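J.: Contents of protein25.txt (compact mmCIF, C-alpha atoms and all ligand atoms) are given next:
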```txt
# COMPACT_ATOMS: atom_id res chain seq x y z
CA MET A 14 107.74 80.88 96.64
CA LYS A 15 105.39 83.11 98.66
CA ASN A 16 101.90 81.94 99.59
CA TRP A 17 100.23 84.87 97.77
CA THR A 18 101.25 84.46 94.15
CA THR A 19 99.71 86.51 91.34
CA THR A 20 97.74 83.40 90.31
CA LYS A 21 96.17 83.13 93.75
CA LEU A 22 95.51 86.87 93.93
CA LYS A 23 93.71 86.82 90.56
CA LYS A 24 91.51 83.96 91.80
CA CYS A 25 90.35 86.21 94.68
CA LYS A 26 88.32 88.32 92.23
CA GLY A 27 84.64 87.99 93.08
CA VAL A 28 85.45 85.53 95.88
CA GLU A 29 87.44 87.28 98.60
CA LYS A 30 88.52 90.91 98.98
CA ILE A 31 92.23 91.66 99.00
CA ALA A 32 93.71 93.85 101.77
CA CYS A 33 96.97 95.57 100.91
CA ILE A 34 99.09 97.92 103.00
CA THR A 35 102.33 99.76 102.34
CA ALA A 36 105.50 98.89 104.26
CA TYR A 37 109.03 100.17 103.94
CA ASP A 38 111.09 98.04 106.34
CA ALA A 39 111.44 94.50 107.67
CA ALA A 40 110.05 95.19 111.15
CA PHE A 41 106.64 96.41 110.00
CA ALA A 42 106.55 93.92 107.10
CA ARG A 43 106.93 91.08 109.62
CA LEU A 44 104.03 92.46 111.72
CA PHE A 45 101.75 92.93 108.69
CA ASP A 46 102.55 89.43 107.44
CA ALA A 47 101.67 88.05 110.89
CA ALA A 48 98.37 89.99 110.71
CA GLY A 49 97.41 88.04 107.59
CA ILE A 50 97.79 90.76 104.97
CA LYS A 51 97.82 89.31 101.45
CA VAL A 52 99.76 92.06 99.69
CA ILE A 53 102.45 94.47 100.89
CA LEU A 54 103.26 97.41 98.64
CA VAL A 55 106.70 98.96 98.95
CA GLY A 56 105.35 102.24 97.68
CA ASP A 57 107.43 105.10 96.37
CA SER A 58 105.37 106.85 99.07
CA VAL A 59 108.46 105.93 101.11
CA GLY A 60 109.55 109.38 99.88
CA ASN A 61 106.92 111.41 101.72
CA ASN A 62 106.14 108.98 104.57
CA VAL A 63 109.63 107.89 105.64
CA LEU A 64 112.35 109.90 103.94
CA GLY A 65 110.98 113.39 104.58
CA PHE A 66 110.47 114.43 100.95
CA GLU A 67 107.49 116.54 99.89
CA ASN A 68 106.32 113.98 97.32
CA THR A 69 107.40 110.77 95.55
CA LEU A 70 109.42 112.43 92.79
CA PRO A 71 112.89 112.39 94.47
CA VAL A 72 112.70 108.63 95.13
CA THR A 73 115.37 106.70 93.18
CA MET A 74 115.85 103.09 92.09
CA ASP A 75 118.58 102.61 94.72
CA MET A 76 116.17 103.75 97.46
CA MET A 77 113.45 101.42 96.18
CA VAL A 78 115.81 98.43 95.99
CA HIS A 79 117.04 99.16 99.55
CA HIS A 80 113.54 99.38 101.07
CA THR A 81 112.13 96.51 98.98
CA ALA A 82 114.94 94.20 100.11
CA ALA A 83 114.26 95.13 103.74
CA VAL A 84 110.53 94.41 103.37
CA SER A 85 111.20 91.11 101.58
CA ARG A 86 113.42 89.98 104.45
CA GLY A 87 110.51 90.48 106.87
CA VAL A 88 107.84 88.65 104.85
CA ARG A 89 106.93 84.98 104.68
CA ASP A 90 103.45 84.75 103.10
CA ALA A 91 102.45 88.14 101.69
CA HIS A 92 102.99 89.10 98.06
CA VAL A 93 105.47 91.99 97.83
CA ILE A 94 104.85 94.59 95.12
CA ALA A 95 107.63 97.14 94.57
CA ASP A 96 106.90 100.52 93.04
CA MET A 97 108.94 101.58 90.04
CA PRO A 98 109.96 105.15 90.93
CA PHE A 99 109.70 108.29 88.81
CA LEU A 100 111.85 108.11 85.64
CA SER A 101 112.78 104.44 86.15
CA TYR A 102 110.42 103.32 83.34
CA GLN A 103 109.55 106.48 81.40
CA VAL A 104 112.85 107.01 79.53
CA ASN A 105 112.81 103.81 77.47
CA ASP A 106 111.55 100.25 77.72
CA ASP A 107 115.01 98.61 77.89
CA GLU A 108 115.86 100.67 80.96
CA ALA A 109 112.45 99.84 82.41
CA VAL A 110 113.05 96.08 82.04
CA ARG A 111 116.47 96.39 83.71
CA ASN A 112 115.07 98.48 86.57
CA ALA A 113 112.09 96.18 87.13
CA GLY A 114 114.56 93.27 87.11
CA ARG A 115 116.58 94.93 89.89
CA LEU A 116 113.49 95.15 92.11
CA ILE A 117 112.97 91.41 91.61
CA GLN A 118 116.63 90.25 91.72
CA GLN A 119 118.08 92.60 94.33
CA GLY A 120 114.90 93.61 96.17
CA GLY A 121 113.24 90.19 96.32
CA ALA A 122 109.93 91.66 95.09
CA ASP A 123 107.26 89.35 93.67
CA SER A 124 106.02 91.96 91.20
CA VAL A 125 106.38 95.63 90.28
CA LYS A 126 103.89 98.48 90.04
CA LEU A 127 104.02 101.34 87.57
CA GLU A 128 101.79 104.33 86.95
CA GLY A 129 99.99 105.18 83.72
CA GLY A 130 97.27 104.09 81.34
CA ALA A 131 97.06 102.68 77.81
CA GLU A 132 100.33 104.44 76.90
CA ARG A 133 102.10 101.95 79.22
CA ALA A 134 100.37 98.84 77.85
CA ALA A 135 103.23 97.86 75.50
CA LEU A 136 105.73 98.13 78.37
CA VAL A 137 103.48 96.10 80.67
CA LYS A 138 103.30 93.37 78.00
CA ARG A 139 107.08 93.38 77.56
CA LEU A 140 107.69 93.08 81.32
CA VAL A 141 105.12 90.30 81.66
CA ASP A 142 106.58 88.49 78.60
CA ASN A 143 109.95 88.64 80.38
CA GLY A 144 108.58 87.02 83.53
CA ILE A 145 107.99 90.16 85.60
CA PRO A 146 104.42 90.41 86.96
CA VAL A 147 103.02 93.94 86.81
CA CYS A 148 100.40 95.77 88.86
CA ALA A 149 99.15 98.85 86.99
CA HIS A 150 98.07 102.14 88.64
CA ILE A 151 95.61 104.63 87.15
CA GLY A 152 93.45 107.55 88.28
CA LEU A 153 95.46 109.83 90.54
CA THR A 154 99.04 108.83 89.75
CA PRO A 155 101.21 110.73 92.25
CA GLN A 156 104.31 110.77 90.00
CA SER A 157 102.34 113.16 87.76
CA VAL A 158 101.55 115.58 90.58
CA LEU A 159 103.36 118.44 88.83
CA ALA A 160 101.42 117.83 85.59
CA PHE A 161 98.09 117.43 87.46
CA GLY A 162 98.77 120.40 89.74
CA GLY A 163 97.58 118.54 92.86
CA TYR A 164 96.06 115.38 94.31
CA GLY A 165 92.36 115.68 93.33
CA MET A 166 89.81 113.12 92.09
CA HIS A 167 90.10 111.70 88.56
CA GLY A 168 87.42 110.40 86.20
CA LYS A 169 84.62 112.74 87.25
CA GLY A 170 83.50 113.84 83.77
CA LYS A 171 82.42 111.44 80.98
CA GLU A 172 85.54 111.96 78.87
CA GLU A 173 87.92 111.24 81.77
CA ALA A 174 85.80 108.30 82.92
CA ASP A 175 85.82 106.79 79.40
CA LYS A 176 89.59 107.22 79.23
CA LEU A 177 90.11 105.47 82.58
CA MET A 178 87.88 102.59 81.47
CA ALA A 179 89.87 102.27 78.21
CA ASP A 180 93.14 102.45 80.18
CA ALA A 181 92.03 99.68 82.56
CA LYS A 182 91.00 97.44 79.66
CA ALA A 183 94.28 98.05 77.77
CA LEU A 184 96.39 97.29 80.87
CA ALA A 185 94.40 94.14 81.67
CA ALA A 186 94.76 92.99 78.04
CA ALA A 187 98.52 93.67 78.24
CA GLY A 188 98.80 91.17 81.09
CA ALA A 189 98.75 93.25 84.30
CA PHE A 190 97.68 90.99 87.19
CA ALA A 191 95.93 93.80 89.11
CA ILE A 192 95.19 97.52 88.80
CA VAL A 193 95.32 100.17 91.53
CA LEU A 194 92.51 102.72 91.11
CA GLU A 195 93.41 105.85 93.06
CA CYS A 196 90.95 108.64 93.80
CA VAL A 197 88.25 107.79 91.28
CA PRO A 198 84.48 108.03 91.91
CA ASP A 199 82.90 104.95 93.53
CA ALA A 200 80.54 104.32 90.59
CA LEU A 201 83.36 104.43 88.03
CA ALA A 202 85.53 102.12 90.19
CA ALA A 203 82.58 99.70 90.38
CA LYS A 204 82.10 99.82 86.59
CA ILE A 205 85.80 99.20 85.88
CA THR A 206 85.82 96.38 88.46
CA ASN A 207 82.86 94.73 86.69
CA GLU A 208 84.30 95.09 83.20
CA ILE A 209 87.81 93.70 83.65
CA ASP A 210 88.79 90.21 84.74
CA ILE A 211 91.71 91.12 87.02
CA PRO A 212 91.42 92.49 90.59
CA THR A 213 91.07 96.24 91.12
CA ILE A 214 92.71 97.57 94.28
CA GLY A 215 91.16 100.85 95.38
CA ILE A 216 92.53 103.78 97.35
CA GLY A 217 89.99 106.54 97.71
CA ALA A 218 87.90 104.65 95.14
CA GLY A 219 85.02 103.39 97.30
CA PRO A 220 83.86 99.97 98.47
CA TYR A 221 83.24 98.18 95.16
CA CYS A 222 86.85 97.41 94.21
CA ASP A 223 88.21 93.87 94.59
CA GLY A 224 90.62 95.07 97.26
CA GLN A 225 91.89 98.10 99.13
CA VAL A 226 95.32 99.60 99.68
CA LEU A 227 96.26 102.18 102.29
CA VAL A 228 99.47 103.81 103.46
CA MET A 229 100.60 102.34 106.80
CA HIS A 230 101.49 105.73 108.31
CA ASP A 231 97.92 106.91 107.63
CA ILE A 232 95.98 103.95 109.04
CA LEU A 233 98.23 103.50 112.07
CA GLY A 234 98.02 107.17 113.05
CA ILE A 235 101.72 107.86 112.56
CA ASN A 236 101.02 110.72 110.14
CA PRO A 237 99.27 113.73 111.71
CA PRO A 238 95.47 113.75 111.13
CA GLU A 239 95.65 117.11 109.28
CA GLY A 240 97.66 115.62 106.40
CA THR A 241 95.66 112.40 106.17
CA PRO A 242 93.29 111.98 103.18
CA SER A 243 89.57 111.97 104.08
CA PHE A 244 88.99 108.42 102.75
CA VAL A 245 91.48 106.95 105.26
CA LYS A 246 90.28 105.14 108.37
CA ARG A 247 92.71 105.46 111.29
CA TYR A 248 92.78 102.03 112.96
CA ALA A 249 95.25 103.07 115.68
CA GLU A 250 97.00 106.11 117.10
CA ILE A 251 100.55 104.77 117.16
CA GLY A 252 101.98 108.28 116.82
CA GLU A 253 100.40 109.35 120.12
CA ALA A 254 101.48 106.09 121.79
CA VAL A 255 105.09 106.66 120.65
CA VAL A 256 105.16 110.24 121.96
CA ALA A 257 103.68 109.08 125.30
CA ALA A 258 106.13 106.17 125.63
CA VAL A 259 109.21 108.19 124.71
CA SER A 260 108.27 111.12 126.97
CA ALA A 261 107.81 108.63 129.85
CA TYR A 262 111.31 107.28 129.09
CA VAL A 263 112.75 110.82 128.94
CA GLY A 264 111.09 111.62 132.30
CA GLU A 265 112.36 108.44 133.97
CA VAL A 266 115.93 108.93 132.77
CA LYS A 267 115.80 112.53 133.98
CA ASP A 268 114.46 111.72 137.45
CA GLY A 269 116.60 108.58 137.86
CA THR A 270 113.69 106.08 137.94
CA PHE A 271 115.21 104.26 134.95
CA PRO A 272 117.31 102.21 135.06
CA ALA A 273 116.54 100.57 138.38
CA GLU A 274 119.49 99.31 140.32
CA ARG A 275 120.48 95.81 139.19
CA ARG A 276 120.57 92.92 141.61
CA LYS A 277 124.16 92.12 142.61
O1 LIG A 301 103.26 104.60 96.77
C1 LIG A 301 102.18 104.26 97.25
O2 LIG A 301 102.00 104.16 98.47
C2 LIG A 301 101.09 103.97 96.33
C3 LIG A 301 99.73 103.76 96.93
C4 LIG A 301 99.19 105.05 97.36
C5 LIG A 301 98.82 103.06 96.00
O3 LIG A 301 101.28 103.91 95.16
```
Could you show the structure in this file as C-alpha cells?

T.:
Amino acid sequence: MKNWTTTKLKKCKGVEKIACITAYDAAFARLFDAAGIKVILVGDSVGNNVLGFENTLPVTMDMMVHHTAAVSRGVRDAHVIADMPFLSYQVNDDEAVRNAGRLIQQGGADSVKLEGGAERAALVKRLVDNGIPVCAHIGLTPQSVLAFGGYGMHGKGKEEADKLMADAKALAAAGAFAIVLECVPDALAAKITNEIDIPTIGIGAGPYCDGQVLVMHDILGINPPEGTPSFVKRYAEIGEAVVAAVSAYVGEVKDGTFPAERRK
C-alpha cells in the first residue's frame, strides 16, 4: 500500500496543499517520489509530450498500461493516478470498468482519472462501487479538443460557470476522491473548491484550489517555451542542459578527448 492513499489525500483538504506532477516512466517517477511529491499523474498527455502526437486523442489503453506500469515501478510513496484514454470509457460502462481495471491490475495504478461532468457521474459511481478510486476532470478536457475547437478557458460566462459547479457537485456526490479543474477562472475554481468536500486540483485554475498539477515537460523546461501555457512556471531548464551536455559529448568524441586512455 502506498503512503498517499485516497483517504489521506482527502484529509489534506483545507489542511495542506497537494502537489501533483505528470510522469511517464520509472526514472522520472523515482526522482519525483524522492522529491516528496504526493501524487503522480500518468497523463494521456504522454501522447503530445513523449510520443510525438499532436494531442491526446491517439493514445490507447495499451500505451497507458505500458507507461503506468513503468511509473508504478519507480514509485514508493506517491499516489499514482492513471488517465483513462480517449474512447476507453465513452463507449459503454462495462468496457470502462474493464479498462479501468487494467490500469489498476496491469499498470499498478492507485486510481484512474476520466474527463467529463455530470454525464459521467453514474460511471464514476459504478467504478467506485467496484473498488476503483476515481479522480474526475472538468473545465478544459483535452480529449474534447475537436469538439471545443481549441484549448481556451472554460466557465467564463454564468451559464458555463453554473454547469461546472453542478458537474463538480455531481462528481463529488458520485464518489470521486478529487477533481481536476483545468483552465477555469480563479474565482470559479475558488467557489467550487469551497462548495465541495473533496480536493480540487487546479491546472491553469489559479491559487485557490486544494492542489496543483503540472506537466513535467513544461515545468522542467523540456518543452520549448513557445508551446508552454502561460500559467506554467518553469522551475528548471533541463532541455538546455541536455543540449549542452550532449553537444559537449559529441565534441569530445569528435576531437578524441573522450574516452581518456584507461590505466593499464
Ligand atoms: O494528461 C494530463 O497531463 C492531464 C493534466 C493536464 C491534468 O490530464

J.: Looking at A:Gly188, A:Pro272, A:Gly170, A:Gly217, which one is nearest to ligand LIG 301 (chain A), with distances taken over only C-alpha atoms and all ligand atoms?

T.: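 The closest residue to ligand LIG 301 (chain A) is A:Gly217.
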
J.: Let me have all residues with an atom within 7 Å of ligand LIG 301 (chain A), counting all atoms listed in the file, laid out as JSON, numbers by chain.

T.: {"A": [35, 54, 55, 56, 57, 58, 59, 96, 193, 195, 216, 226, 227, 228]}

J.: Kindly provide, as a PyMOL selection string, the polymer residues lying within 12 Å of (102.0, 103.5, 79.2), counting all atoms listed in the file and using the coordinates exactly as they appear in the file.

T.: chain A and resi 102-106+109+127-139+149-151+180-181+183-184+187+189

J.: Restricting the calculation to all atoms listed in the file: of A:Ala95, A:Leu64, A:Val28, A:Asn16, which residue gets closest to Gly121 (chain A)?

T.: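 Going through A:Ala95, A:Leu64, A:Val28, A:Asn16 one by one, the smallest distance to Gly121 (chain A) is for A:Ala95.
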
J.: Could you name the residues that touch Glu67 (chain A) at 12 Å or less, counting only C-alpha atoms, but leaving out those on the same chain fewer than 6 positions away, as a PyMOL selection string?

T.: chain A and resi 57-61+155-156+158-159+240

J.: Produce a file of the selected residues containing C-alpha atoms, as a PDB file, in the frame of the given file.

T.:
```
ATOM      1  CA  ASP A  57     107.430 105.100  96.370  1.00  0.00           C
ATOM      2  CA  SER A  58     105.370 106.850  99.070  1.00  0.00           C
ATOM      3  CA  VAL A  59     108.460 105.930 101.110  1.00  0.00           C
ATOM      4  CA  GLY A  60     109.550 109.380  99.880  1.00  0.00           C
ATOM      5  CA  ASN A  61     106.920 111.410 101.720  1.00  0.00           C
ATOM      6  CA  PRO A 155     101.210 110.730  92.250  1.00  0.00           C
ATOM      7  CA  GLN A 156     104.310 110.770  90.000  1.00  0.00           C
ATOM      8  CA  VAL A 158     101.550 115.580  90.580  1.00  0.00           C
ATOM      9  CA  LEU A 159     103.360 118.440  88.830  1.00  0.00           C
ATOM     10  CA  GLY A 240      97.660 115.620 106.400  1.00  0.00           C
TER      11      GLY A 240
END
```

J.: Could you check which of A:Asn62, A:Thr81, A:Ser260, A:Thr19 is closest to Asn236 (chain A), using only C-alpha atoms?

T.: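 Nearest to Asn236 (chain A): A:Asn62.
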
J.: How would region 233-244 of chain A look with all heavy atoms restored, written as a tab-separated table (two decimals), in the frame of the given file?

T.:
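Wrote it out as out-v4.tsv, contents follow:
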```
chain	number	residue	atom	x	y	z
A	233	LEU	N	97.75	103.76	110.70
A	233	LEU	CA	98.23	103.50	112.07
A	233	LEU	C	98.34	104.79	112.89
A	233	LEU	O	98.74	104.75	114.05
A	233	LEU	CB	99.59	102.78	112.02
A	233	LEU	CG	99.55	101.38	111.40
A	233	LEU	CD1	100.94	100.75	111.40
A	233	LEU	CD2	98.57	100.47	112.16
A	234	GLY	N	98.00	105.92	112.28
A	234	GLY	CA	98.02	107.17	113.05
A	234	GLY	C	99.42	107.66	113.32
A	234	GLY	O	99.69	108.31	114.34
A	235	ILE	N	100.35	107.34	112.42
A	235	ILE	CA	101.72	107.86	112.56
A	235	ILE	C	101.79	109.24	111.91
A	235	ILE	O	102.42	110.16	112.43
A	235	ILE	CB	102.74	106.87	111.94
A	235	ILE	CG1	102.67	105.53	112.68
A	235	ILE	CG2	104.16	107.45	111.97
A	235	ILE	CD1	103.45	104.40	112.05
A	236	ASN	N	101.12	109.39	110.76
A	236	ASN	CA	101.02	110.72	110.14
A	236	ASN	C	100.01	111.56	110.91
A	236	ASN	O	99.02	111.03	111.42
A	236	ASN	CB	100.55	110.59	108.69
A	236	ASN	CG	101.67	110.16	107.75
A	236	ASN	OD1	102.84	110.34	108.07
A	236	ASN	ND2	101.32	109.59	106.61
A	237	PRO	N	100.24	112.88	111.01
A	237	PRO	CA	99.27	113.73	111.71
A	237	PRO	C	97.92	113.72	111.00
A	237	PRO	O	97.87	113.62	109.77
A	237	PRO	CB	99.89	115.12	111.67
A	237	PRO	CG	100.99	115.05	110.67
A	237	PRO	CD	101.36	113.62	110.45
A	238	PRO	N	96.79	113.81	111.76
A	238	PRO	CA	95.47	113.75	111.13
A	238	PRO	C	95.26	114.83	110.07
A	238	PRO	O	94.59	114.58	109.07
A	238	PRO	CB	94.49	113.96	112.30
A	238	PRO	CG	95.30	114.03	113.53
A	238	PRO	CD	96.75	113.97	113.20
A	239	GLU	N	95.88	116.00	110.24
A	239	GLU	CA	95.65	117.11	109.28
A	239	GLU	C	96.09	116.73	107.87
A	239	GLU	O	95.48	117.14	106.90
A	239	GLU	CB	96.42	118.40	109.67
A	239	GLU	CG	96.30	118.83	111.10
A	239	GLU	CD	97.31	118.12	111.99
A	239	GLU	OE1	98.51	118.32	111.81
A	239	GLU	OE2	96.88	117.36	112.87
A	240	GLY	N	97.16	115.94	107.74
A	240	GLY	CA	97.66	115.62	106.40
A	240	GLY	C	97.04	114.36	105.83
A	240	GLY	O	97.36	113.95	104.72
A	241	THR	N	96.16	113.71	106.58
A	241	THR	CA	95.66	112.40	106.17
A	241	THR	C	94.44	112.54	105.25
A	241	THR	O	93.51	113.27	105.59
A	241	THR	CB	95.28	111.58	107.44
A	241	THR	OG1	96.43	111.53	108.28
A	241	THR	CG2	94.86	110.17	107.10
A	242	PRO	N	94.44	111.85	104.09
A	242	PRO	CA	93.29	111.98	103.18
A	242	PRO	C	91.97	111.57	103.85
A	242	PRO	O	91.97	110.70	104.73
A	242	PRO	CB	93.63	111.02	102.04
A	242	PRO	CG	95.07	110.74	102.14
A	242	PRO	CD	95.47	110.94	103.57
A	243	SER	N	90.87	112.18	103.41
A	243	SER	CA	89.57	111.97	104.08
A	243	SER	C	89.07	110.53	103.96
A	243	SER	O	88.30	110.06	104.79
A	243	SER	CB	88.53	112.93	103.51
A	243	SER	OG	88.47	112.73	102.12
A	244	PHE	N	89.50	109.79	102.92
A	244	PHE	CA	88.99	108.42	102.75
A	244	PHE	C	89.68	107.43	103.69
A	244	PHE	O	89.28	106.27	103.77
A	244	PHE	CB	89.15	107.97	101.30
A	244	PHE	CG	90.56	108.06	100.77
A	244	PHE	CD1	91.52	107.12	101.11
A	244	PHE	CD2	90.94	109.10	99.91
A	244	PHE	CE1	92.82	107.20	100.63
A	244	PHE	CE2	92.24	109.20	99.42
A	244	PHE	CZ	93.17	108.24	99.79
```
